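Peer 1: To start, I am sharing the structure in question, which I have written as structure tokens.
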Amino acid sequence: MPQVTELIPSRAVPSALSNVAPNPAVPLERLTHAFERGGGENALYLGASPRRVSLPGPELGPWVLALVAWALGLALVGEIVRRWAARYSPWARSLRPMERVLVDVYIGGGALFAISVVPMGLFYPLTSAILILLASGLLAATYVLDRRARRPGWDVRAFVDGFRPPAIGIALGSAFVVLLVEAWSAAQAPTGNTFDSSVLSYYVAHLGLQHSIPLNFLPAAPFGNPYPQGTTVWLASYQATFGLPPARTSILVTPLFLALSPLAAYSVGDRLLRSASAGTTFAVVFAFVGSWTRVLVGGSNDFVFAFPLVLLLFARIELWTRSSIPAWGDVAVFGGLLGVAATLNPAGPIWLVLTTLVLGALGRPAWAGQAARWFARWAASVVVGVTFALPSLYEEVAGAHGLFHAGLPPGAVAPPAVPAGISLSQFIGLSDPFLFRGTDVWFSPFPPIRDELALLLAFGVLVLWIASRTPGWWTRLDRFGRAVMSGISVALGILLSGVVVRTAFPVVGPILGLTSFAETSILLFSVYTMVAALPIVLLVQDAEGRLRSRAAPGGPTERAGIDGKGLPPRPSRSAIRLALTLGAAFLLVAPGMAVTVGELPLYEETLYHAFGNVSEGDLDLLDWAGSHLGPGARVLVAPGSAAGFLPGYDPSAIELYPMIDGVYVNGSYELLVRELSNATLDQAGTRALANLAVEYVAVTGNNTELFRPFSPAPLVGNPAFSILFHEDDAYLFRWNG
């Protein structure tokens with residue numbers, strides 16, 4: 001696959017900074033290869049061995065329990081909202097117990113986002129706890145009153161019974177294994193991707209400082225913040241409640257959402273294939289075989305947070321394929337959940353909105369035979385969803401040129417022209433599942449699993465093709481077939497539009513900036529994984545049918561007995577077929593299970609340390625600076641440095657500069673990065689320090705594969721600089737200029 005700068009960070013690396021710190025991300029299969037960085041005697045090496053650090057933060061066992069308990073607490077808040085919405089929405093009432101819990105978790109987070117986005121300073125450390133307590137009390141009071149009045153209310157027994165079937169137990173077990181593996185891997189790493197995670201730390205710090213969502217980068221930079229802030233609210237809730245170290249919050253919370261994906265995948269199989277066994281198969285495949293969304297740990301936390309909800313909405317997308325027009329209540333609920341997903345990451349909701357449009361056209365009849373009314377409701381759901389994302393959209397449009405525009409900082413220049421869209425070779429790399437080079441990791445980073453998935457995908461496509469020509473069989477697979485065809489075609493269309501824009505219409509390139517080609521590709525390969533799971537589903541369903549036949553009155557099991565010679569009967573042909581079927585299904589998922597438990601933690605450790613190779617000195621520097629710098633301290637930080645987490649420890653500190661997704665290029669900052677990363681500082685660099693009104697310079701080791709670090713060589717012994725902190729390769733200098 002062609003190298004894509006979005007592959008690891010959730011947003012593309014600013015091209016200008018790539019020029020001044022020419023340290024591009026290496027291919028994934030070479031992450032452990034040590035190579036020399038420039039800088040003469042200060043040359044540093046990265047990848048030879050991860051640093052072992054004494055890490056602050058909670059113990060693994062209690063933290064796993066806290067992750068789940070707090071999410072369930074917010075689910076109580078979501079349940080209050082869902083119960084109210086269910087009065088008007090049959091779709092909300094039809095959710096099964098596990099779907100209800102997933103939806104409630106996200107609605108609870110959405111409610112916290114709604115409180116935080118109001119510019120009235122309503123978010124405080126106790127806000128989440130107060131919401132949970134109020135929801136708990138209200139639910140308990142409602143339950144008691146319903147019981148006393150003998151009104152139909154929440155049937156707790158039926159709700160609990162919904163989790164008892166073995167199929168759901170297997171799905172829950174798979175999710176729990178993923179949670180343990182991911183939480184263990186995260187517990188061993190100092191931080192996540194320092195380039196991405198430090199910005200999340202910046203947002204969380206400013207949410208705590210302002211008590212409402214930060215809509216711009218002031219005072220660090222005069223630009224609006226178009227980054228969706230739903231992830232910020234989730235991280236802030238956990239950090240404020242459990243006292244997590246700011247530099248580690250994102251890496252510690254993300255495993256929860258990685259583990260929710262198999263549960264959402266269960267709903268996809270259960271709903272689209274109308275079978276609990278299909279749901280179980282999908283959960284196991286997404287947990288142990290189709291593993292790319294689980295190893296997206298170098299960045300893109302926002303995509304990981306949104307992915308389970310996107311999967312769940314895809315599972316319930318039949319709302320738009322029925323022969324009747326969706327009810328207005330259903331439209332509002334579906335659109336609201338789209339909006340909640342959009343506050344986390346817009347790529348999935350954009351894909352879903354377009355997929356519903358294509359699915360409506362494939363309905364029988366198309367658009368329920370009432371195109372005008374159908375499109376009115378579809379547009380209404382989009383409007384409801386967009387409403388949730390209005391703060392970010394407002395800043396995207398007006399923040400850099402309107403209310404919050406305060407003029408360019410000294411030395412700011414227009415960014416160089418960056419080609420819009422993607423090239424044809426990138427399109428192939430982002431869409432072709434039958435590429436088997438080392439960098440083609442979209443299916444799986446492990447070659448044997450990737451090869452297996454590609455083979456299963458070919459069989460799955462063959463099954464769908466045969467079924468489409470067999471009316472009786474297609475009746476079982478039509479909902480699934482139309483959904484995956486629509487999802488694949490929309491994802492390919494988005495990627496292809498990037499090629500068209502680059503080659504013919506670059507002027508409309510900014511419109512495509514609302515989505516991400518790399519994340520759209522992950523969605524595409526997730527649908528490929530669903531198709532690849534289909535042959536396993538058929539094996540499991542065949543075995544399930546044989547088991548039911550053997551257990552039925554008069555079946556082979558009942559007829560079997562002792563033969564005339566007093567010996568057990570020989571296995572019947574049916575029993576042999578059953579054993580072979582179950583064995584084949586198990587063999588198809590067993591390699592993934594082995595890799596998940598055996599190789600995945602080591603692979604993730606490599607990724608974490610390649611993009612977050614943080615030392616104990618770096619963490620001590622953050623602690624020291626957070627308690628010793630004065631209010632509003634202006635600190636120069638290298639791109640990708642662990643010092644980028646400083647606002648999490650001192651929210652009043654002005655970091656020069658947080659990652660701002662290439663919104664602008666500051667000439668003075670660019671010059672300083674170029675000089676200090678090459679162990680020089682001349683008169684031009686000194687003038688740049690004055691232009692930026694720098695007070696402090698933070699220097700850390702080589703924390704990331706993405707950029708070179710600042711070298712301390714031109715600052716140590718320089719009378720213009722005083723060393724305030726030094727431990728290992730971490731320094732904090734005061735500029736006396």
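In the structure tokens, the first chain shown is A, the next is B, and so on; residue numbers restart at 1 for each chain, and ligands run from 1 in the order shown.
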Residues of segment 115-233 of chain A within 10 Å of segment 345-351 of chain A: nearest atom pair and distance (Å, one decimal) for each, counting only C-alpha atoms, sorted by chain and number, as a tab-separated table?
Peer 2:
residue	atom	partner	partner_atom	distance
A:Tyr227	CA	A:Asn345	CA	8.5
A:Pro228	CA	A:Asn345	CA	6.3
A:Gln229	CA	A:Asn345	CA	8.8
A:Gly230	CA	A:Asn345	CA	8.2
A:Thr231	CA	A:Asn345	CA	8.4
Peer 1: So which residues touch Tyr528 of chain A within 8 Å, counting only C-alpha atoms, skipping near sequence neighbours fewer than 6 positions away, as number ranges by chain?
Peer 2: A: 433, 457, 488
Peer 1: Produce a file of the selected residues containing N, CA and C atoms, as a PDB file, in the first residue's frame.
Peer 2:
ATOM      1  N   PRO A 433      -8.408  -5.157  -1.163  1.00  0.00           N
ATOM      2  CA  PRO A 433      -8.137  -6.095  -0.073  1.00  0.00           C
ATOM      3  C   PRO A 433      -7.162  -7.202  -0.439  1.00  0.00           C
ATOM      4  N   LEU A 457     -12.917 -13.502   2.273  1.00  0.00           N
ATOM      5  CA  LEU A 457     -13.664 -12.470   1.550  1.00  0.00           C
ATOM      6  C   LEU A 457     -14.056 -12.965   0.166  1.00  0.00           C
ATOM      7  N   ILE A 488     -20.077  -0.750   0.938  1.00  0.00           N
ATOM      8  CA  ILE A 488     -18.854  -0.828   0.128  1.00  0.00           C
ATOM      9  C   ILE A 488     -18.879   0.202  -0.988  1.00  0.00           C
TER      10      ILE A 488
END
Peer 1: Can you list, as an MDAnalysis selection string, every protein, DNA or RNA residue that comes within 10 Å of Leu629 of chain A when you count only C-alpha atoms, leaving out same-chain residues fewer than 6 positions away?
Peer 2: chainID A and resid 635 650 652:653 696
Peer 1: Hey, which of A:Tyr238, A:Phe163, A:Phe113, A:Tyr603 ends up closest to Val340 of chain A? Count only C-alpha atoms.
Peer 2: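 Closest to Val340 of chain A of all the choices is A:Phe113.
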Peer 1: Taking 6 positions as the minimum chain separation for residues in the same chain, which residues sit within 7 Å of Ala259 of chain A when counting only C-alpha atoms? Answer as a PyMOL selection string.
Peer 2: chain A and resi 175-176+178-179
Peer 1: For the residues in that selection, give me all heavy atoms as an mmCIF file, in the first residue's frame.
Peer 2:
data_model
loop_
_atom_site.group_PDB
_atom_site.id
_atom_site.type_symbol
_atom_site.label_atom_id
_atom_site.label_comp_id
_atom_site.auth_asym_id
_atom_site.auth_seq_id
_atom_site.Cartn_x
_atom_site.Cartn_y
_atom_site.Cartn_z
ATOM 1 N N ALA A 175 -15.615 -9.623 23.983
ATOM 2 C CA ALA A 175 -15.347 -8.211 24.264
ATOM 3 C C ALA A 175 -14.478 -8.056 25.505
ATOM 4 O O ALA A 175 -13.579 -7.200 25.550
ATOM 5 C CB ALA A 175 -16.664 -7.455 24.436
ATOM 6 N N PHE A 176 -14.711 -8.888 26.507
ATOM 7 C CA PHE A 176 -13.934 -8.787 27.739
ATOM 8 C C PHE A 176 -12.475 -9.172 27.499
ATOM 9 O O PHE A 176 -11.560 -8.543 28.058
ATOM 10 C CB PHE A 176 -14.550 -9.679 28.821
ATOM 11 C CG PHE A 176 -13.923 -9.498 30.170
ATOM 12 C CD1 PHE A 176 -14.059 -8.305 30.858
ATOM 13 C CD2 PHE A 176 -13.186 -10.520 30.755
ATOM 14 C CE1 PHE A 176 -13.472 -8.126 32.107
ATOM 15 C CE2 PHE A 176 -12.601 -10.352 32.001
ATOM 16 C CZ PHE A 176 -12.744 -9.150 32.680
ATOM 17 N N VAL A 178 -10.864 -8.746 24.694
ATOM 18 C CA VAL A 178 -10.284 -7.587 24.006
ATOM 19 C C VAL A 178 -9.964 -6.486 25.016
ATOM 20 O O VAL A 178 -8.893 -5.862 24.970
ATOM 21 C CB VAL A 178 -11.244 -7.066 22.916
ATOM 22 C CG1 VAL A 178 -10.755 -5.738 22.356
ATOM 23 C CG2 VAL A 178 -11.371 -8.092 21.802
ATOM 24 N N LEU A 179 -10.890 -6.238 25.940
ATOM 25 C CA LEU A 179 -10.661 -5.195 26.948
ATOM 26 C C LEU A 179 -9.417 -5.504 27.774
ATOM 27 O O LEU A 179 -8.589 -4.617 28.019
ATOM 28 C CB LEU A 179 -11.891 -5.076 27.843
ATOM 29 C CG LEU A 179 -11.779 -4.081 29.009
ATOM 30 C CD1 LEU A 179 -11.531 -2.667 28.493
ATOM 31 C CD2 LEU A 179 -13.038 -4.117 29.870
#
Peer 1: Find the spatial neighbours of segment 363-377 of chain A, counting only C-alpha atoms, within a cut-off of 8 Å - ignore same-chain residues fewer than 5 positions away - and output them as a PyMOL selection string.
Peer 2: chain A and resi 320-326+328+331
Peer 1: Record the distance separating atom CA of Arg482 of chain A and atom CA of Leu352 of chain A, expressed in Å with one decimal.
Peer 2: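 That distance, rounded to one decimal, is 13.7 Å.
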Peer 1: Set the distance at 9 Å and use only C-alpha atoms: which residues neighbour Leu600 of chain A once local chain neighbours fewer than 6 positions away are removed? I'd like the list as an mmCIF file with N, CA, C and O atoms, in the first residue's frame.
Peer 2:
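Here's the written file result_32.cif:
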data_model
loop_
_atom_site.group_PDB
_atom_site.id
_atom_site.type_symbol
_atom_site.label_atom_id
_atom_site.label_comp_id
_atom_site.auth_asym_id
_atom_site.auth_seq_id
_atom_site.Cartn_x
_atom_site.Cartn_y
_atom_site.Cartn_z
ATOM 1 N N VAL A 181 -6.801 -7.433 26.978
ATOM 2 C CA VAL A 181 -5.582 -7.343 26.162
ATOM 3 C C VAL A 181 -5.217 -5.891 25.911
ATOM 4 O O VAL A 181 -4.052 -5.477 26.061
ATOM 5 N N GLU A 182 -6.210 -5.088 25.531
ATOM 6 C CA GLU A 182 -5.931 -3.689 25.209
ATOM 7 C C GLU A 182 -5.547 -2.904 26.460
ATOM 8 O O GLU A 182 -4.647 -2.057 26.418
ATOM 9 N N SER A 185 -1.991 -3.813 27.390
ATOM 10 C CA SER A 185 -1.016 -3.167 26.501
ATOM 11 C C SER A 185 -0.875 -1.689 26.844
ATOM 12 O O SER A 185 0.232 -1.146 26.886
ATOM 13 N N VAL A 295 -5.820 -2.331 16.633
ATOM 14 C CA VAL A 295 -4.411 -1.940 16.703
ATOM 15 C C VAL A 295 -4.208 -0.521 16.187
ATOM 16 O O VAL A 295 -3.102 -0.107 15.924
ATOM 17 N N PHE A 446 -1.001 -8.699 10.743
ATOM 18 C CA PHE A 446 -0.365 -10.011 10.805
ATOM 19 C C PHE A 446 -0.610 -10.756 9.500
ATOM 20 O O PHE A 446 -1.759 -11.090 9.177
#
Peer 1: For atom CA of Tyr88 of chain A and atom CA of Gly487 of chain A, quote the distance in Å rounded to one decimal.
Peer 2: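 Atom CA of Tyr88 of chain A sits 28.5 Å away from atom CA of Gly487 of chain A.
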Peer 1: Based on the backbone DSSP call, show me all residues of segment 323-545 of chain A assigned helix (DSSP H, G or I), as number ranges by chain.
Peer 2: A: 328-344, 347-362, 366-369, 371-388, 390-399, 424-431, 447-468, 471-503, 506-512, 517-545
Peer 1: Go through A:Gly545, A:Pro255, A:Pro658, A:Gly648 and flag the residue nearest Leu67 of chain A, using only C-alpha atoms for the distances.
Peer 2: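 Smallest distance to Leu67 of chain A is found for A:Pro255.
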Peer 1: Ranking A:Thr355, A:Ser261, A:Gln239, A:Thr704 by minimum distance to Tyr608 of chain A and counting only C-alpha atoms, which one comes first?
Peer 2: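 For Tyr608 of chain A, the nearest of the candidates is A:Thr704.
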Peer 1: Out of A:Gly640, A:Gly269, A:Gly583, A:Gly421, which residue has the shortest atom-to-atom distance to Ala610 of chain A when counting only C-alpha atoms?
Peer 2: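 Of A:Gly640, A:Gly269, A:Gly583, A:Gly421, the one nearest Ala610 of chain A is A:Gly640, counting only C-alpha atoms.
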Peer 1: Provide the atom CA of Trp378 of chain A to atom CA of Ala483 of chain A distance in Å, to one decimal place.
Peer 2: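 Value for the atom CA of Trp378 of chain A-atom CA of Ala483 of chain A distance: 16.7 Å.
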